[in-house]
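Chemist: This is the content of work24.pdb (PDB, C-alpha atoms):
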```pdb
ATOM      1  CA  MET A   1     -18.990 -20.814 -76.057
ATOM      2  CA  SER A   2     -22.620 -20.356 -75.208
ATOM      3  CA  ASP A   3     -25.417 -20.813 -77.722
ATOM      4  CA  LYS A   4     -26.506 -17.223 -77.065
ATOM      5  CA  GLY A   5     -23.052 -15.802 -78.053
ATOM      6  CA  LEU A   6     -22.933 -17.945 -81.214
ATOM      7  CA  SER A   7     -26.475 -16.920 -82.103
ATOM      8  CA  MET A   8     -25.629 -13.209 -81.732
ATOM      9  CA  ARG A   9     -22.588 -13.618 -83.992
ATOM     10  CA  LYS A  10     -24.667 -15.339 -86.659
ATOM     11  CA  LEU A  11     -27.334 -12.633 -86.436
ATOM     12  CA  THR A  12     -24.714  -9.864 -86.703
ATOM     13  CA  ALA A  13     -23.076 -11.559 -89.697
ATOM     14  CA  ALA A  14     -26.473 -11.966 -91.386
ATOM     15  CA  VAL A  15     -27.337  -8.281 -90.844
ATOM     16  CA  ILE A  16     -23.959  -7.125 -92.231
ATOM     17  CA  THR A  17     -24.244  -9.442 -95.249
ATOM     18  CA  ALA A  18     -27.782  -8.249 -96.004
ATOM     19  CA  GLY A  19     -26.683  -4.604 -95.716
ATOM     20  CA  LEU A  20     -23.820  -5.135 -98.151
ATOM     21  CA  PHE A  21     -26.054  -7.025-100.565
ATOM     22  CA  PHE A  22     -28.855  -4.456-100.609
ATOM     23  CA  GLY A  23     -26.365  -1.565-100.664
ATOM     24  CA  GLY A  24     -24.768  -3.087-103.769
ATOM     25  CA  MET A  25     -28.174  -3.519-105.364
ATOM     26  CA  GLY A  26     -28.933   0.143-104.716
ATOM     27  CA  ALA A  27     -25.692   1.239-106.383
ATOM     28  CA  ALA A  28     -26.368  -1.014-109.378
ATOM     29  CA  ALA A  29     -29.912   0.321-109.691
ATOM     30  CA  ALA A  30     -28.640   3.904-109.615
ATOM     31  CA  ALA A  31     -26.131   3.137-112.366
ATOM     32  CA  SER A  32     -28.764   1.467-114.570
ATOM     33  CA  ALA A  33     -31.414   4.207-114.179
ATOM     34  CA  TRP A  34     -32.135   6.649-117.015
ATOM     35  CA  HIS A  35     -30.589  10.121-116.695
ATOM     36  CA  ASP A  36     -31.121  13.310-118.691
ATOM     37  CA  THR A  37     -28.361  14.281-121.161
ATOM     38  CA  GLY A  38     -29.491  17.870-121.401
ATOM     39  CA  ILE A  39     -29.772  19.516-124.810
ATOM     40  CA  LEU A  40     -26.887  19.212-127.232
ATOM     41  CA  THR A  41     -27.031  21.868-129.903
ATOM     42  CA  THR A  42     -24.944  23.395-132.668
ATOM     43  CA  GLY A  43     -25.705  25.404-135.798
ATOM     44  CA  GLY A  44     -28.071  23.271-137.861
ATOM     45  CA  ALA A  45     -28.521  20.350-135.437
ATOM     46  CA  ASP A  46     -29.701  19.444-131.967
ATOM     47  CA  PHE A  47     -30.273  16.404-129.780
ATOM     48  CA  LYS A  48     -33.271  16.797-127.469
ATOM     49  CA  GLU A  49     -35.195  14.610-125.040
ATOM     50  CA  GLY A  50     -31.907  12.740-124.578
ATOM     51  CA  LYS A  51     -31.571  10.078-121.929
ATOM     52  CA  TYR A  52     -28.680   7.776-121.052
ATOM     53  CA  LYS A  53     -27.955   4.923-118.717
ATOM     54  CA  TRP A  54     -25.222   2.463-117.956
ATOM     55  CA  GLU A  55     -26.191  -1.137-118.601
ATOM     56  CA  ASP A  56     -25.292  -3.716-115.958
ATOM     57  CA  PRO A  57     -21.947  -5.481-116.576
ATOM     58  CA  GLY A  58     -23.691  -8.827-117.141
ATOM     59  CA  GLN A  59     -26.162  -7.385-119.684
ATOM     60  CA  MET A  60     -25.572  -5.728-123.054
ATOM     61  CA  HIS A  61     -21.800  -5.726-122.455
ATOM     62  CA  GLY A  62     -22.132  -3.167-119.643
ATOM     63  CA  ALA A  63     -22.743  -0.604-122.383
ATOM     64  CA  PHE A  64     -23.473   3.110-122.479
ATOM     65  CA  HIS A  65     -27.082   3.319-123.695
ATOM     66  CA  ILE A  66     -28.353   6.576-125.181
ATOM     67  CA  LYS A  67     -31.644   7.595-126.754
ATOM     68  CA  GLY A  68     -33.293  10.806-127.872
ATOM     69  CA  LYS A  69     -34.445  12.957-130.769
ATOM     70  CA  LEU A  70     -31.836  14.030-133.360
ATOM     71  CA  ARG A  71     -33.122  17.014-135.292
ATOM     72  CA  ASP A  72     -31.984  18.867-138.410
ATOM     73  CA  THR A  73     -32.616  22.517-137.535
ATOM     74  CA  GLY A  74     -31.021  23.993-140.683
ATOM     75  CA  LEU A  75     -33.903  23.117-142.979
ATOM     76  CA  ASP A  76     -32.661  25.158-145.943
ATOM     77  CA  ASP A  77     -28.936  24.330-145.818
ATOM     78  CA  ASP A  78     -29.063  20.807-147.401
ATOM     79  CA  HIS A  79     -26.701  19.394-144.744
ATOM     80  CA  ASN A  80     -27.257  16.194-142.810
ATOM     81  CA  VAL A  81     -26.825  15.803-139.034
ATOM     82  CA  TYR A  82     -25.400  13.066-136.857
ATOM     83  CA  LEU A  83     -24.774  12.082-133.251
ATOM     84  CA  GLN A  84     -21.337  10.911-132.163
ATOM     85  CA  VAL A  85     -20.686   8.711-129.135
ATOM     86  CA  LYS A  86     -17.462   7.161-127.893
ATOM     87  CA  VAL A  87     -16.515   5.080-124.877
ATOM     88  CA  HIS A  88     -13.142   4.660-123.165
ATOM     89  CA  SER A  89     -11.498   7.196-125.521
ATOM     90  CA  TYR A  90     -11.848   4.850-128.499
ATOM     91  CA  ALA A  91     -12.983   6.068-131.925
ATOM     92  CA  TRP A  92     -16.260   7.937-132.358
ATOM     93  CA  ASN A  93     -19.382   5.970-133.301
ATOM     94  CA  ARG A  94     -21.512   7.922-135.776
ATOM     95  CA  PHE A  95     -25.306   7.704-135.901
ATOM     96  CA  ASN A  96     -26.769   9.581-138.870
ATOM     97  CA  GLY A  97     -29.963  11.574-138.893
ATOM     98  CA  THR A  98     -32.063  12.541-141.922
ATOM     99  CA  GLN A  99     -32.065  15.898-143.661
ATOM    100  CA  LYS A 100     -35.007  18.146-142.764
ATOM    101  CA  LYS A 101     -36.430  15.599-140.285
ATOM    102  CA  ASN A 102     -36.453  14.487-136.681
ATOM    103  CA  VAL A 103     -35.077  11.006-136.053
ATOM    104  CA  TRP A 104     -35.482   8.989-132.844
ATOM    105  CA  LEU A 105     -32.226   7.245-131.903
ATOM    106  CA  ASP A 106     -31.820   4.415-129.404
ATOM    107  CA  LYS A 107     -28.190   3.229-129.454
ATOM    108  CA  ILE A 108     -25.904   1.067-127.369
ATOM    109  CA  VAL A 109     -22.158   1.700-127.406
ATOM    110  CA  TYR A 110     -19.622  -0.530-125.652
ATOM    111  CA  ASP A 111     -16.041  -1.678-125.640
ATOM    112  CA  GLY A 112     -15.884  -5.394-126.348
ATOM    113  CA  ALA A 113     -12.555  -5.766-124.534
ATOM    114  CA  THR A 114     -13.931  -4.811-121.118
ATOM    115  CA  ARG A 115     -16.731  -6.078-118.935
ATOM    116  CA  TYR A 116     -18.415  -2.677-118.761
ATOM    117  CA  THR A 117     -17.862   0.860-119.958
ATOM    118  CA  ASN A 118     -17.222   3.532-117.362
ATOM    119  CA  THR A 119     -16.784   6.708-119.455
ATOM    120  CA  ALA A 120     -18.591   8.078-122.495
ATOM    121  CA  GLU A 121     -18.549  11.240-124.596
ATOM    122  CA  VAL A 122     -21.411  12.557-126.733
ATOM    123  CA  ARG A 123     -21.796  15.388-129.247
ATOM    124  CA  VAL A 124     -24.150  16.372-132.057
ATOM    125  CA  CYS A 125     -22.790  17.538-135.424
ATOM    126  CA  GLN A 126     -23.830  18.991-138.741
ATOM    127  CA  ASN A 127     -22.166  17.480-141.807
ATOM    128  CA  ARG A 128     -21.094  20.456-143.917
ATOM    129  CA  GLY A 129     -19.606  18.544-146.840
ATOM    130  CA  SER A 130     -16.073  17.643-147.845
ATOM    131  CA  LEU A 131     -14.600  21.154-148.196
ATOM    132  CA  ARG A 132     -15.683  22.634-144.857
ATOM    133  CA  PRO A 133     -15.196  21.107-141.416
ATOM    134  CA  ASP A 134     -18.264  19.717-139.699
ATOM    135  CA  ASN A 135     -19.968  21.869-137.105
ATOM    136  CA  CYS A 136     -20.149  20.040-133.729
ATOM    137  CA  SER A 137     -21.539  20.900-130.306
ATOM    138  CA  PHE A 138     -19.544  20.995-127.115
ATOM    139  CA  THR A 139     -18.663  17.422-126.072
ATOM    140  CA  LYS A 140     -20.496  16.192-122.966
ATOM    141  CA  ARG A 141     -18.701  13.662-120.808
ATOM    142  CA  PHE A 142     -20.419  11.057-118.677
ATOM    143  CA  LYS A 143     -18.956   8.772-116.011
ATOM    144  CA  ARG A 144     -20.462   5.637-114.501
ATOM    145  CA  PRO A 145     -21.381   6.307-110.871
TER     146      PRO A 145
END
```
Do you think you could lay out the structure here as structure tokens?

Modeler:
Amino acid sequence: MSDKGLSMRKLTAAVITAGLFFGGMGAAAAASAWHDTGILTTGGADFKEGKYKWEDPGQMHGAFHIKGKLRDTGLDDDHNVYLQVKVHSYAWNRFNGTQKKNVWLDKIVYDGATRYTNTAEVRVCQNRGSLRPDNCSFTKRFKRP
């Protein structure tokens, strides 16, 4: 085989390898970028300025990372508010707010049994006490790209 043919094969292999490498980096960067959650709202509570991202599998357990402003909008009802997040259809994680205040949340939720999370659900709720059911927003679902 000629040196020219071997050289062309090596060059082609190098170009293909580089394309796969940088293509994979682009997909990982897209997954780990911050995205807007939109507004989650229900009677007495809302979650605004929300952002989420998927952490890389090798960092922070490949977690679902969410941050934003949890706000008690029912200032005269004496009920607290909270944000709920779950991954992989496991139990809800509850992050409490403070009555009559805005609270900045920055939370990481993951499943310790897997290398990374690929689905998450989020909703905001108003705690209405023990006799009445809590008031929760529509559940938003997110999927790792």

Chemist: Have a look at A:Gln84, A:Thr41, A:Ser32, A:Lys107 and name the one nearest to Val122 (chain A); count only C-alpha atoms.

Modeler: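 The closest residue to Val122 (chain A) is A:Gln84.
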
Chemist: Mind telling me what the PyMOL selection byres ((chain A and resi 142) around 8) catches here, as a list in words?

Modeler: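 Taken on the displayed file, the PyMOL selection byres ((chain A and resi 142) around 8) yields the residues Thr119, Ala120, Glu121, Lys140, Arg141, Lys143 and Arg144 of chain A.
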
Chemist: Give as a PyMOL selection string the set of residues within 12 Å of the point (-17.0, 11.5, -133.1), where distances use the file's coordinates and all atoms listed in the file.

Modeler: chain A and resi 82-87+89-96+120-127+134-140

Chemist: Every residue with an atom at most 10 Å from (-22.0, -8.1, -116.6) (file coordinates; all atoms listed in the file) is what I'm after, so could you write them as a list of chain:residue names?

Modeler: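 Checked against the point, the hits come out as A:Glu55, A:Asp56, A:Pro57, A:Gly58, A:Gln59, A:Met60, A:His61, A:Gly62, A:Ala63, A:Thr114, A:Arg115, A:Tyr116.
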
Chemist: May I have the selected residues written with C-alpha atoms, as a PDB file, in the frame of the given file?

Modeler:
```pdb
ATOM      1  CA  GLU A  55     -26.191  -1.137-118.601  1.00  0.00           C
ATOM      2  CA  ASP A  56     -25.292  -3.716-115.958  1.00  0.00           C
ATOM      3  CA  PRO A  57     -21.947  -5.481-116.576  1.00  0.00           C
ATOM      4  CA  GLY A  58     -23.691  -8.827-117.141  1.00  0.00           C
ATOM      5  CA  GLN A  59     -26.162  -7.385-119.684  1.00  0.00           C
ATOM      6  CA  MET A  60     -25.572  -5.728-123.054  1.00  0.00           C
ATOM      7  CA  HIS A  61     -21.800  -5.726-122.455  1.00  0.00           C
ATOM      8  CA  GLY A  62     -22.132  -3.167-119.643  1.00  0.00           C
ATOM      9  CA  ALA A  63     -22.743  -0.604-122.383  1.00  0.00           C
ATOM     10  CA  THR A 114     -13.931  -4.811-121.118  1.00  0.00           C
ATOM     11  CA  ARG A 115     -16.731  -6.078-118.935  1.00  0.00           C
ATOM     12  CA  TYR A 116     -18.415  -2.677-118.761  1.00  0.00           C
TER      13      TYR A 116
END
```

Chemist: Just to confirm, what's the straight-line distance from CA of Tyr52 (chain A) to CA of Gly38 (chain A) in Å (one decimal)?

Modeler: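 Atom-to-atom, CA of Tyr52 (chain A) to CA of Gly38 (chain A), that is 10.1 Å.
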
Chemist: Rounded to one decimal, what separation in Å do you get between CA of Gly44 (chain A) and CA of Asp106 (chain A)?

Modeler: 21.0 Å

Chemist: Determine the residue set returned by the PyMOL selection byres ((chain A and resi 128) around 9) for the present structure, and present it as a ChimeraX atom specification.

Modeler: /A:77-81,126-127,129-135

Chemist: Can you write out the residues you just picked, keeping C-alpha atoms, as an mmCIF file, in the coordinates of the input?

Modeler:
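Just written: result-v5.cif:
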```cif
data_model
loop_
_atom_site.group_PDB
_atom_site.id
_atom_site.type_symbol
_atom_site.label_atom_id
_atom_site.label_comp_id
_atom_site.auth_asym_id
_atom_site.auth_seq_id
_atom_site.Cartn_x
_atom_site.Cartn_y
_atom_site.Cartn_z
ATOM 1 C CA ASP A 77 -28.936 24.330 -145.818
ATOM 2 C CA ASP A 78 -29.063 20.807 -147.401
ATOM 3 C CA HIS A 79 -26.701 19.394 -144.744
ATOM 4 C CA ASN A 80 -27.257 16.194 -142.810
ATOM 5 C CA VAL A 81 -26.825 15.803 -139.034
ATOM 6 C CA GLN A 126 -23.830 18.991 -138.741
ATOM 7 C CA ASN A 127 -22.166 17.480 -141.807
ATOM 8 C CA GLY A 129 -19.606 18.544 -146.840
ATOM 9 C CA SER A 130 -16.073 17.643 -147.845
ATOM 10 C CA LEU A 131 -14.600 21.154 -148.196
ATOM 11 C CA ARG A 132 -15.683 22.634 -144.857
ATOM 12 C CA PRO A 133 -15.196 21.107 -141.416
ATOM 13 C CA ASP A 134 -18.264 19.717 -139.699
ATOM 14 C CA ASN A 135 -19.968 21.869 -137.105
#
```

Chemist: Might you spell out which residues the PyMOL selection byres ((chain A and resi 39) around 8) would select in the displayed file, as a PyMOL selection string?

Modeler: chain A and resi 37-38+40-41+46-50

Chemist: Using all atoms listed in the file, find the one residue out of A:Thr117, A:Pro145, A:Trp34, A:Lys100 that sits nearest to Phe64 (chain A).

Modeler: A:Thr117

Chemist: What does the distance between CA of Arg71 (chain A) and CA of His35 (chain A) come to in Å, to one decimal place?

Modeler: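 Separating CA of Arg71 (chain A) from CA of His35 (chain A) is a distance of 20.0 Å.
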
Chemist: Here is a test: counting only C-alpha atoms, which residue of A:Gly68, A:Gly74, A:Gly112, A:Gly97 is nearest to Gly43 (chain A)?

Modeler: A:Gly74
